[in-house]
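*Asks:* Take a look at the following structure, please.
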Protein chains: 2
Amino acid sequence: MTSSLPTTGLQLRSLIKPDGTLELSLVDTPVAPPADDEVLVKIQATPINPSDIGLLLGAADIASVQVAGSASRPVVTARIPERAMPAMAARLGQSMPVGNEGAGVVIAAGASPAAQALLGQTVAVLGGAMYAQYRTLKVAMCLPLPTGTTPAEGASCFVNPLTALGMTETMRREGHTALVHTAAASNLGQMLNKICLADGIGLVNIVRKPEQEALLRGIGAQHVCNMASPTFLADLTEALVATGATIAFDATGGGTLAGQILACMEAAINRTAKEYSRYGSAVHKQVYLYGHLDTRPTEIIRSFGMAWGVGGWLLFPFLQKIGPAGAQALRQRVAAELKTTFASHYAKQVSLAGALSAEAISAYGARNTGSKYLIEPSKGL
Amino acid sequence: MTSSLPTTGLQLRSLIKPDGTLELSLVDTPVAPPADDEVLVKIQATPINPSDIGLLLGAADIASVQVAGSASRPVVTARIPERAMPAMAARLGQSMPVGNEGAGVVIAAGASPAAQALLGQTVAVLGGAMYAQYRTLKVAMCLPLPTGTTPAEGASCFVNPLTALGMTETMRREGHTALVHTAAASNLGQMLNKICLADGIGLVNIVRKPEQEALLRGIGAQHVCNMASPTFLADLTEALVATGATIAFDATGGGTLAGQILACMEAAINRTAKEYSRYGSAVHKQVYLYGHLDTRPTEIIRSFGMAWGVGGWLLFPFLQKIGPAGAQALRQRVAAELKTTFASHYAKQVSLAGALSAEAISAYGARNTGSKYLIEPSKGL
């Protein structure tokens, strides 16, 4: 370790006050010197994933955002609707760091050989608090990136790639043979298409816009259904007949979509039914909600018999369930295919302060497909 | 076999026509002579369970019921709302017999020793088409009733008792230690209370009326929450803290109740949480919808993290899952406790024709707790 290491660095913080105010700010935070099995990473790229936005913005009303402070130390405030405050109770008054994953250069390392081996390397990192200039982490949380990989290319190494692989893995483990994905033109959705093409898995993509349909067809997607089309439900049913998909992963979570998918699955299954069953088909149909892009309540019109389930799906419990060896196999595939299957695309790169501009918040806060931001904490404030 | 056996008998039929009309009638149907492993049962008592009403009335609008025909051969018509017709597609134009279970006397038997052994006995029977004067059935579908048991006492031997036992069994198999039940003052709910008291299982009962609360407390229920109370959600949360229940069986299916139960479970779990998790608790919370007493869409306000599931639950797939030995163990318990744990209560006894009166249909069609009807097909028409 050299003596020129930083002793403090900026960290983005999210605070919800008891009066219902969200406050985002950059806080000068001590940099912890690495312990024996730790490294100090200068964070160079860290994405704003939908899974980060929940912690970052809480249930704040984006339209109420106000930015004060200075250009390099902006202070954002926004209002949390009163009805959403009970769900915020557990984090009230806690100034919380944000950012699940990122990538950067190891600028200091602990005494252990594993830590020393990473010194000077570009690594992808996982573990929270990545919206910061510096982050001290255990060696186990670092994935050395292949030579020639930039931090921007490696910044989204974990959440999206492992989520996409987790979907096909869950499909297999729960006895299904094809799957449905919504908000399917997202970075995650594109990865999933590449995985399914490579692995010969039937995939039904649900999107909202013609250009998203074109994008997916352009990368080889065979089944793309546009929710905005008047023939959406018929199109979806045909795609379900063609693929036999009986499990879906829904990023939107709210509204009627999950129920519509179940109803179309049942209609597809009943194409081949021989007699009427009052309880519907006996084939289990499952929709996992893994995101909340649509924050309305989930509304399920139960018209598809009794063999169905809707539930939450989350990456980290899934990784725990499959165990360290299973998770490691998925990680190795990600590292090997980082510039192909698992390549990410960003709408914009911003600094830490830039991530707190009203314009940026309103863009990524809308959670629209194609509006993903990348924070570059080492770039000028 | 004697020569005085009936050659035809009345059978209640439900028909949905392509024009959206439901028609209920009594049809003179040939009585099949029993094969070697079969018996002919004169049906003396058969309940109208919620699980029968779906097939009997389809999605018909009860307010539109009209009764024509004669007193002994009534013909009921009612209107199916257009929006509900797609879900009826698979049964259009088919005149369907109704009635899951019942009890009666074996008046003829096939040549096999097992069949002959039942001759003259009072048996509980399962297998559909029980709303009829006679029913020919395989021996395996018959459960001989203990001496001194009337057909009315044995008529509800299968659906409710096995469903109640299936709930506690599902609870155990899925790793929960206590459970929640809605519409809890029903016959089924009372059975479940007796089971849970006997087996030392924590049970949270949800009801809608003070008299239902009193009824359950009268049979020893410890946790009864009234949905109509202004303190319902707080009461429910306290009962969940006290019992640790993380699985619920909901007979209503529609509206916001399933989501409210999940939210209160999460609040109960978080009483002991040590730090904020943006994804909610890691404890899996499950609600199974096993009925449709409330035909509105299921509306889930997702405020309880990601470790949750909502899905359909049905007796017959459950029995298949636990296998013949598991199912037989449950059946033996039912037979042994038929006059205690599994005693049923009926609002009214009616004949087959009486079941098709406007008054009866509007009473049982409302699916209210305490409005269960028992058909006695051998009584005067």
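Every chain in the structure tokens has a letter given in the order shown (A, B, ...), and although residue numbers restart at 1 in each chain, ligands are simply numbered from 1 in the order shown.
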Considering only C-alpha atoms, give me a table of residues in chain A that are at most 8 Å from chain B, with the closest atom pair and distance in Å for each, as CSV.

*Replies:*
```
residue,atom,partner,partner_atom,distance
A:Gly54,CA,B:Arg278,CA,7.4
A:Leu55,CA,B:Arg278,CA,6.1
A:Ala87,CA,B:Ser303,CA,6.3
A:Ala90,CA,B:Tyr276,CA,5.3
A:Arg91,CA,B:Tyr276,CA,5.7
A:Glu275,CA,B:Ala90,CA,7.4
A:Tyr276,CA,B:Ala90,CA,5.3
A:Arg278,CA,B:Leu55,CA,6.1
A:Ala282,CA,B:Pro317,CA,7.8
A:Tyr290,CA,B:Met306,CA,7.7
A:Arg296,CA,B:Ile301,CA,7.4
A:Pro297,CA,B:Ile301,CA,4.4
A:Thr298,CA,B:Ile300,CA,4.9
A:Glu299,CA,B:Glu299,CA,4.6
A:Ile300,CA,B:Thr298,CA,4.9
A:Ile301,CA,B:Pro297,CA,4.4
A:Arg302,CA,B:Pro297,CA,6.6
A:Ser303,CA,B:Ala87,CA,6.3
A:Phe304,CA,B:Ala87,CA,7.9
A:Gly305,CA,B:Gly312,CA,7.8
A:Met306,CA,B:Gly312,CA,4.4
A:Ala307,CA,B:Gly312,CA,5.6
A:Trp308,CA,B:Gly311,CA,5.3
A:Gly309,CA,B:Gly311,CA,3.9
A:Val310,CA,B:Val310,CA,5.2
A:Gly311,CA,B:Gly309,CA,3.9
A:Gly312,CA,B:Met306,CA,4.5
A:Trp313,CA,B:Met306,CA,6.2
A:Leu314,CA,B:Met306,CA,6.6
A:Pro317,CA,B:Ala282,CA,7.8
```

*Asks:* Identify all residues of region 117-237 of chain B in helix (DSSP H, G or I) (DSSP on the backbone) and supply them as a PyMOL selection string.

*Replies:* chain B and resi 139-141+151-154+159-173+187-199+210-218+232-237

*Asks:* Okay, now the selection with N, CA and C atoms, as a short mmCIF file (atom, residue, chain, number, x, y, z; two decimals), in the first residue's frame?

*Replies:*
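Okay, this is what ended up in part.cif:
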```
data_model
loop_
_atom_site.label_atom_id
_atom_site.label_comp_id
_atom_site.auth_asym_id
_atom_site.auth_seq_id
_atom_site.Cartn_x
_atom_site.Cartn_y
_atom_site.Cartn_z
N VAL B 139 -66.42 -49.16 -6.84
CA VAL B 139 -66.32 -49.41 -5.41
C VAL B 139 -65.32 -48.45 -4.76
N ALA B 140 -64.25 -48.15 -5.48
CA ALA B 140 -63.19 -47.31 -4.94
C ALA B 140 -63.67 -45.89 -4.62
N MET B 141 -64.78 -45.47 -5.23
CA MET B 141 -65.30 -44.12 -4.98
C MET B 141 -66.26 -44.09 -3.78
N PRO B 151 -77.29 -40.62 5.88
CA PRO B 151 -76.77 -40.06 4.63
C PRO B 151 -76.51 -38.56 4.75
N ALA B 152 -77.40 -37.82 5.43
CA ALA B 152 -77.18 -36.38 5.58
C ALA B 152 -75.88 -36.11 6.34
N GLU B 153 -75.58 -36.92 7.33
CA GLU B 153 -74.34 -36.73 8.10
C GLU B 153 -73.10 -37.08 7.27
N GLY B 154 -73.27 -38.00 6.32
CA GLY B 154 -72.12 -38.45 5.54
C GLY B 154 -71.98 -37.80 4.18
N VAL B 159 -65.23 -33.39 0.20
CA VAL B 159 -64.71 -32.09 -0.26
C VAL B 159 -64.24 -31.22 0.90
N ASN B 160 -65.14 -30.89 1.82
CA ASN B 160 -64.73 -30.01 2.92
C ASN B 160 -63.72 -30.65 3.86
N PRO B 161 -63.95 -31.87 4.35
CA PRO B 161 -62.98 -32.45 5.30
C PRO B 161 -61.59 -32.60 4.69
N LEU B 162 -61.52 -33.10 3.45
CA LEU B 162 -60.20 -33.29 2.85
C LEU B 162 -59.55 -31.96 2.51
N THR B 163 -60.38 -30.96 2.16
CA THR B 163 -59.82 -29.63 1.90
C THR B 163 -59.22 -29.05 3.17
N ALA B 164 -59.94 -29.17 4.28
CA ALA B 164 -59.42 -28.64 5.56
C ALA B 164 -58.13 -29.35 5.95
N LEU B 165 -58.12 -30.68 5.84
CA LEU B 165 -56.90 -31.43 6.16
C LEU B 165 -55.79 -31.10 5.15
N GLY B 166 -56.18 -30.85 3.89
CA GLY B 166 -55.20 -30.49 2.86
C GLY B 166 -54.50 -29.17 3.16
N MET B 167 -55.22 -28.28 3.84
CA MET B 167 -54.61 -26.99 4.18
C MET B 167 -53.50 -27.16 5.22
N THR B 168 -53.79 -27.89 6.29
CA THR B 168 -52.74 -28.04 7.32
C THR B 168 -51.59 -28.88 6.78
N GLU B 169 -51.93 -29.84 5.91
CA GLU B 169 -50.88 -30.67 5.31
C GLU B 169 -49.99 -29.83 4.38
N THR B 170 -50.60 -28.98 3.57
CA THR B 170 -49.84 -28.08 2.69
C THR B 170 -48.96 -27.14 3.51
N MET B 171 -49.55 -26.61 4.58
CA MET B 171 -48.79 -25.73 5.49
C MET B 171 -47.51 -26.42 5.95
N ARG B 172 -47.63 -27.66 6.43
CA ARG B 172 -46.45 -28.40 6.91
C ARG B 172 -45.46 -28.65 5.80
N ARG B 173 -45.98 -29.17 4.67
CA ARG B 173 -45.08 -29.56 3.58
C ARG B 173 -44.33 -28.38 2.98
N ASN B 187 -68.65 -24.07 7.05
CA ASN B 187 -68.51 -25.45 7.51
C ASN B 187 -67.04 -25.87 7.48
N LEU B 188 -66.39 -25.55 6.36
CA LEU B 188 -64.98 -25.87 6.20
C LEU B 188 -64.14 -25.18 7.27
N GLY B 189 -64.43 -23.91 7.52
CA GLY B 189 -63.68 -23.14 8.50
C GLY B 189 -63.83 -23.70 9.91
N GLN B 190 -65.04 -24.15 10.23
CA GLN B 190 -65.25 -24.74 11.56
C GLN B 190 -64.46 -26.04 11.70
N MET B 191 -64.45 -26.85 10.62
CA MET B 191 -63.64 -28.07 10.64
C MET B 191 -62.17 -27.74 10.85
N LEU B 192 -61.71 -26.71 10.14
CA LEU B 192 -60.30 -26.34 10.24
C LEU B 192 -59.94 -25.91 11.67
N ASN B 193 -60.86 -25.18 12.32
CA ASN B 193 -60.62 -24.80 13.71
C ASN B 193 -60.46 -26.03 14.61
N LYS B 194 -61.34 -27.02 14.38
CA LYS B 194 -61.27 -28.22 15.22
C LYS B 194 -59.96 -28.98 14.97
N ILE B 195 -59.56 -29.05 13.70
CA ILE B 195 -58.29 -29.72 13.37
C ILE B 195 -57.12 -29.01 14.05
N CYS B 196 -57.09 -27.68 13.92
CA CYS B 196 -55.96 -26.92 14.45
C CYS B 196 -55.90 -26.98 15.97
N LEU B 197 -57.08 -26.95 16.62
CA LEU B 197 -57.09 -27.10 18.08
C LEU B 197 -56.55 -28.47 18.48
N ALA B 198 -57.01 -29.52 17.75
CA ALA B 198 -56.57 -30.88 18.08
C ALA B 198 -55.08 -31.06 17.82
N ASP B 199 -54.57 -30.42 16.76
CA ASP B 199 -53.18 -30.65 16.36
C ASP B 199 -52.22 -29.58 16.88
N PRO B 210 -70.03 -10.00 13.16
CA PRO B 210 -69.85 -10.27 14.60
C PRO B 210 -70.37 -11.65 15.00
N GLU B 211 -71.51 -12.11 14.39
CA GLU B 211 -72.06 -13.41 14.79
C GLU B 211 -71.13 -14.54 14.35
N GLN B 212 -70.39 -14.33 13.24
CA GLN B 212 -69.41 -15.35 12.81
C GLN B 212 -68.24 -15.39 13.79
N GLU B 213 -67.85 -14.20 14.25
CA GLU B 213 -66.79 -14.11 15.25
C GLU B 213 -67.21 -14.89 16.51
N ALA B 214 -68.44 -14.66 16.95
CA ALA B 214 -68.95 -15.32 18.16
C ALA B 214 -69.02 -16.83 17.96
N LEU B 215 -69.48 -17.25 16.77
CA LEU B 215 -69.58 -18.68 16.48
C LEU B 215 -68.21 -19.35 16.62
N LEU B 216 -67.20 -18.74 16.03
CA LEU B 216 -65.86 -19.35 16.07
C LEU B 216 -65.28 -19.33 17.48
N ARG B 217 -65.46 -18.22 18.19
CA ARG B 217 -64.95 -18.19 19.57
C ARG B 217 -65.65 -19.25 20.41
N GLY B 218 -66.93 -19.50 20.09
CA GLY B 218 -67.71 -20.51 20.80
C GLY B 218 -67.15 -21.91 20.63
N PHE B 232 -59.32 -3.77 11.65
CA PHE B 232 -59.04 -5.08 11.06
C PHE B 232 -57.56 -5.32 10.77
N LEU B 233 -56.91 -4.38 10.08
CA LEU B 233 -55.52 -4.62 9.67
C LEU B 233 -54.60 -4.70 10.89
N ALA B 234 -54.85 -3.86 11.88
CA ALA B 234 -54.04 -3.93 13.11
C ALA B 234 -54.31 -5.24 13.86
N ASP B 235 -55.59 -5.64 13.92
CA ASP B 235 -55.94 -6.90 14.59
C ASP B 235 -55.27 -8.08 13.90
N LEU B 236 -55.33 -8.06 12.56
CA LEU B 236 -54.75 -9.15 11.79
C LEU B 236 -53.24 -9.22 12.02
N THR B 237 -52.58 -8.05 12.01
CA THR B 237 -51.14 -8.03 12.24
C THR B 237 -50.79 -8.61 13.61
#
```

*Asks:* Could you pull out all residues of region 259-323 of chain B with a DSSP call of strand (DSSP E or B) and give them as a list of chain:residue names?

*Replies:* B:Lys285, B:Gln286, B:Val287, B:Tyr288, B:Leu289, B:Thr298, B:Glu299, B:Ile300, B:Trp308, B:Gly309, B:Val310, B:Gly311, B:Gly312

*Asks:* Between CA of Ala132 (chain A) and CA of Thr29 (chain A), what is the distance, to one decimal in Å?

*Replies:*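 Interatomic distance here is 9.1 Å.
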
*Asks:* Would you mind reading off the distance between CA of Ala114 (chain B) and CA of Leu40 (chain B), one decimal, in Å?

*Replies:*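 According to the coordinates, CA of Ala114 (chain B) and CA of Leu40 (chain B) are separated by 13.2 Å.
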
*Asks:* Might you pull out every residue within 8 Å of region 332-336 of chain A, with only C-alpha atoms counted and same-chain residues fewer than 3 positions away left off, and present them as a VMD selection string?

*Replies:* chain A and resid 145 to 146 157 161 to 162 328 to 329 342

*Asks:* Any idea what the distance is between CA of Pro81 (chain B) and CA of Ser64 (chain B)?

*Replies:* 10.2 Å

*Asks:* Which neighbours of Ala184 (chain A) fall inside 6 Å, counting only C-alpha atoms, when residues of the same chain fewer than 2 positions from it are skipped, and could you give them as number ranges by chain?

*Replies:* A: 181-182, 186, 189, 205-207

*Asks:* Keeping all heavy atoms for every residue in the selection just given, could you write it to a file as a CSV table (one decimal), in the first residue's frame?

*Replies:*
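As a result, again_18.csv now contains:
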```csv
chain,number,residue,atom,x,y,z
A,181,HIS,N,-41.2,-13.1,-21.5
A,181,HIS,CA,-40.5,-12.0,-20.8
A,181,HIS,C,-41.2,-10.7,-21.2
A,181,HIS,O,-41.5,-10.5,-22.4
A,181,HIS,CB,-39.0,-11.9,-21.2
A,181,HIS,CG,-38.2,-10.9,-20.4
A,181,HIS,ND1,-37.3,-10.1,-20.9
A,181,HIS,CD2,-38.2,-10.7,-19.1
A,181,HIS,CE1,-36.8,-9.3,-20.0
A,181,HIS,NE2,-37.3,-9.6,-18.9
A,182,THR,N,-41.4,-9.8,-20.2
A,182,THR,CA,-42.0,-8.5,-20.5
A,182,THR,C,-40.9,-7.4,-20.5
A,182,THR,O,-39.9,-7.6,-19.9
A,182,THR,CB,-43.2,-8.1,-19.6
A,182,THR,OG1,-42.6,-7.8,-18.3
A,182,THR,CG2,-44.1,-9.3,-19.4
A,186,SER,N,-35.4,-4.3,-23.1
A,186,SER,CA,-34.4,-3.8,-22.2
A,186,SER,C,-33.1,-4.5,-22.4
A,186,SER,O,-33.0,-5.5,-23.1
A,186,SER,CB,-34.9,-4.1,-20.7
A,186,SER,OG,-35.0,-5.5,-20.5
A,189,GLY,N,-33.5,-7.8,-21.4
A,189,GLY,CA,-34.3,-8.6,-22.4
A,189,GLY,C,-33.5,-9.0,-23.6
A,189,GLY,O,-33.6,-10.1,-24.2
A,205,ASN,N,-41.4,-12.6,-26.4
A,205,ASN,CA,-41.0,-11.2,-25.9
A,205,ASN,C,-42.3,-10.3,-26.0
A,205,ASN,O,-42.9,-10.2,-27.0
A,205,ASN,CB,-40.0,-10.6,-26.9
A,205,ASN,CG,-38.6,-11.3,-26.8
A,205,ASN,OD1,-37.8,-11.1,-26.0
A,205,ASN,ND2,-38.5,-12.3,-27.8
A,206,ILE,N,-42.5,-9.6,-24.9
A,206,ILE,CA,-43.6,-8.6,-24.9
A,206,ILE,C,-43.0,-7.2,-24.8
A,206,ILE,O,-42.2,-7.0,-23.8
A,206,ILE,CB,-44.6,-8.9,-23.7
A,206,ILE,CG1,-45.3,-10.3,-23.9
A,206,ILE,CG2,-45.6,-7.8,-23.6
A,206,ILE,CD1,-46.2,-10.7,-22.8
A,207,VAL,N,-43.4,-6.4,-25.7
A,207,VAL,CA,-42.9,-5.0,-25.7
A,207,VAL,C,-44.1,-4.0,-25.9
A,207,VAL,O,-45.2,-4.5,-26.0
A,207,VAL,CB,-41.9,-4.8,-26.9
A,207,VAL,CG1,-40.7,-5.7,-26.7
A,207,VAL,CG2,-42.6,-5.0,-28.2
```

*Asks:* With a distance cut-off of 6 Å and only C-alpha atoms, select the neighbouring residues of Ile43 (chain A), excluding the residue or stretch itself and same-chain residues fewer than 3 positions from it, and output the selection as a PyMOL selection string.

*Replies:* chain A and resi 103-104+133-134

*Asks:* Next, dump the selected residues to file, keeping only all heavy atoms, as a CSV table (one decimal), in the first residue's frame.

*Replies:*
```csv
chain,number,residue,atom,x,y,z
A,103,ALA,N,-17.8,-1.1,-11.8
A,103,ALA,CA,-16.4,-1.6,-12.2
A,103,ALA,C,-15.4,-0.5,-12.0
A,103,ALA,O,-15.8,0.7,-12.1
A,103,ALA,CB,-16.5,-2.1,-13.7
A,104,GLY,N,-14.2,-0.9,-11.8
A,104,GLY,CA,-13.2,0.1,-11.6
A,104,GLY,C,-11.8,-0.5,-11.5
A,104,GLY,O,-11.6,-1.7,-11.8
A,133,GLN,N,-16.9,7.5,-5.2
A,133,GLN,CA,-15.6,7.6,-5.9
A,133,GLN,C,-14.7,6.4,-5.6
A,133,GLN,O,-14.0,5.9,-6.4
A,133,GLN,CB,-14.9,8.9,-5.5
A,133,GLN,CG,-15.5,10.1,-6.1
A,133,GLN,CD,-14.8,11.4,-5.6
A,133,GLN,OE1,-14.8,11.7,-4.5
A,133,GLN,NE2,-14.2,12.0,-6.6
A,134,TYR,N,-14.9,5.9,-4.3
A,134,TYR,CA,-14.0,4.7,-3.9
A,134,TYR,C,-14.9,3.7,-3.1
A,134,TYR,O,-15.9,4.1,-2.5
A,134,TYR,CB,-12.9,5.2,-3.0
A,134,TYR,CG,-12.0,6.3,-3.6
A,134,TYR,CD1,-12.2,7.6,-3.4
A,134,TYR,CD2,-11.1,5.9,-4.6
A,134,TYR,CE1,-11.5,8.6,-4.0
A,134,TYR,CE2,-10.3,6.9,-5.2
A,134,TYR,CZ,-10.5,8.2,-5.0
A,134,TYR,OH,-9.8,9.1,-5.6
```

*Asks:* Of the candidates B:Val224, B:Leu356, B:Leu126, B:Ala363, which one gets nearest to Arg13 (chain B) if we count only C-alpha atoms?

*Replies:*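 Closest residue, counting only C-alpha atoms: B:Leu356.
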
*Asks:* Within 10 Å of Pro33 (chain B), counting only C-alpha atoms, which residues qualify if same-chain residues fewer than 5 places away don't, as a PyMOL selection string?

*Replies:* chain B and resi 1+5-7+38-40+108-110+135-137

*Asks:* So which one's closest to Val105 (chain B), B:Leu293, B:Val41, B:Ala60, B:Val283? Using only C-alpha atoms, please.

*Replies:*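 The answer is B:Val41, which sits nearest to Val105 (chain B).
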
*Asks:* Hey, what's within 9 Å of Lys372 (chain B) if we count only C-alpha atoms and toss same-chain stuff fewer than 2 positions away? As a list of chain:residue names, please?

*Replies:*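 The filter keeps B:Pro47, B:Ile48, B:Asn49, B:Pro50, B:Ser186, B:Asn187, B:His345, B:Tyr346, B:Ala347, B:Lys348, B:Ala363, B:Tyr364, B:Arg367, B:Asn368, B:Thr369, B:Gly370, B:Leu374.
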
*Asks:* Those selected residues, please, written with C-alpha atoms and delivered as a PDB file, in the first residue's frame.

*Replies:*
```pdb
ATOM      1  CA  PRO B  47     -74.514 -30.884  -0.704  1.00  0.00           C
ATOM      2  CA  ILE B  48     -74.294 -27.780  -2.865  1.00  0.00           C
ATOM      3  CA  ASN B  49     -70.686 -26.812  -2.224  1.00  0.00           C
ATOM      4  CA  PRO B  50     -69.108 -23.624  -3.576  1.00  0.00           C
ATOM      5  CA  SER B 186     -68.011 -21.720   6.956  1.00  0.00           C
ATOM      6  CA  ASN B 187     -68.506 -25.453   7.511  1.00  0.00           C
ATOM      7  CA  HIS B 345     -74.491 -27.947   8.978  1.00  0.00           C
ATOM      8  CA  TYR B 346     -77.045 -27.010   6.320  1.00  0.00           C
ATOM      9  CA  ALA B 347     -79.309 -23.998   6.032  1.00  0.00           C
ATOM     10  CA  LYS B 348     -81.981 -26.026   4.233  1.00  0.00           C
ATOM     11  CA  ALA B 363     -79.957 -18.214  -1.520  1.00  0.00           C
ATOM     12  CA  TYR B 364     -77.130 -20.646  -2.340  1.00  0.00           C
ATOM     13  CA  ARG B 367     -72.343 -18.053  -1.788  1.00  0.00           C
ATOM     14  CA  ASN B 368     -72.735 -16.621   1.717  1.00  0.00           C
ATOM     15  CA  THR B 369     -71.300 -18.351   4.752  1.00  0.00           C
ATOM     16  CA  GLY B 370     -74.090 -20.293   6.481  1.00  0.00           C
ATOM     17  CA  LEU B 374     -78.433 -30.099   0.988  1.00  0.00           C
TER      18      LEU B 374
END
```
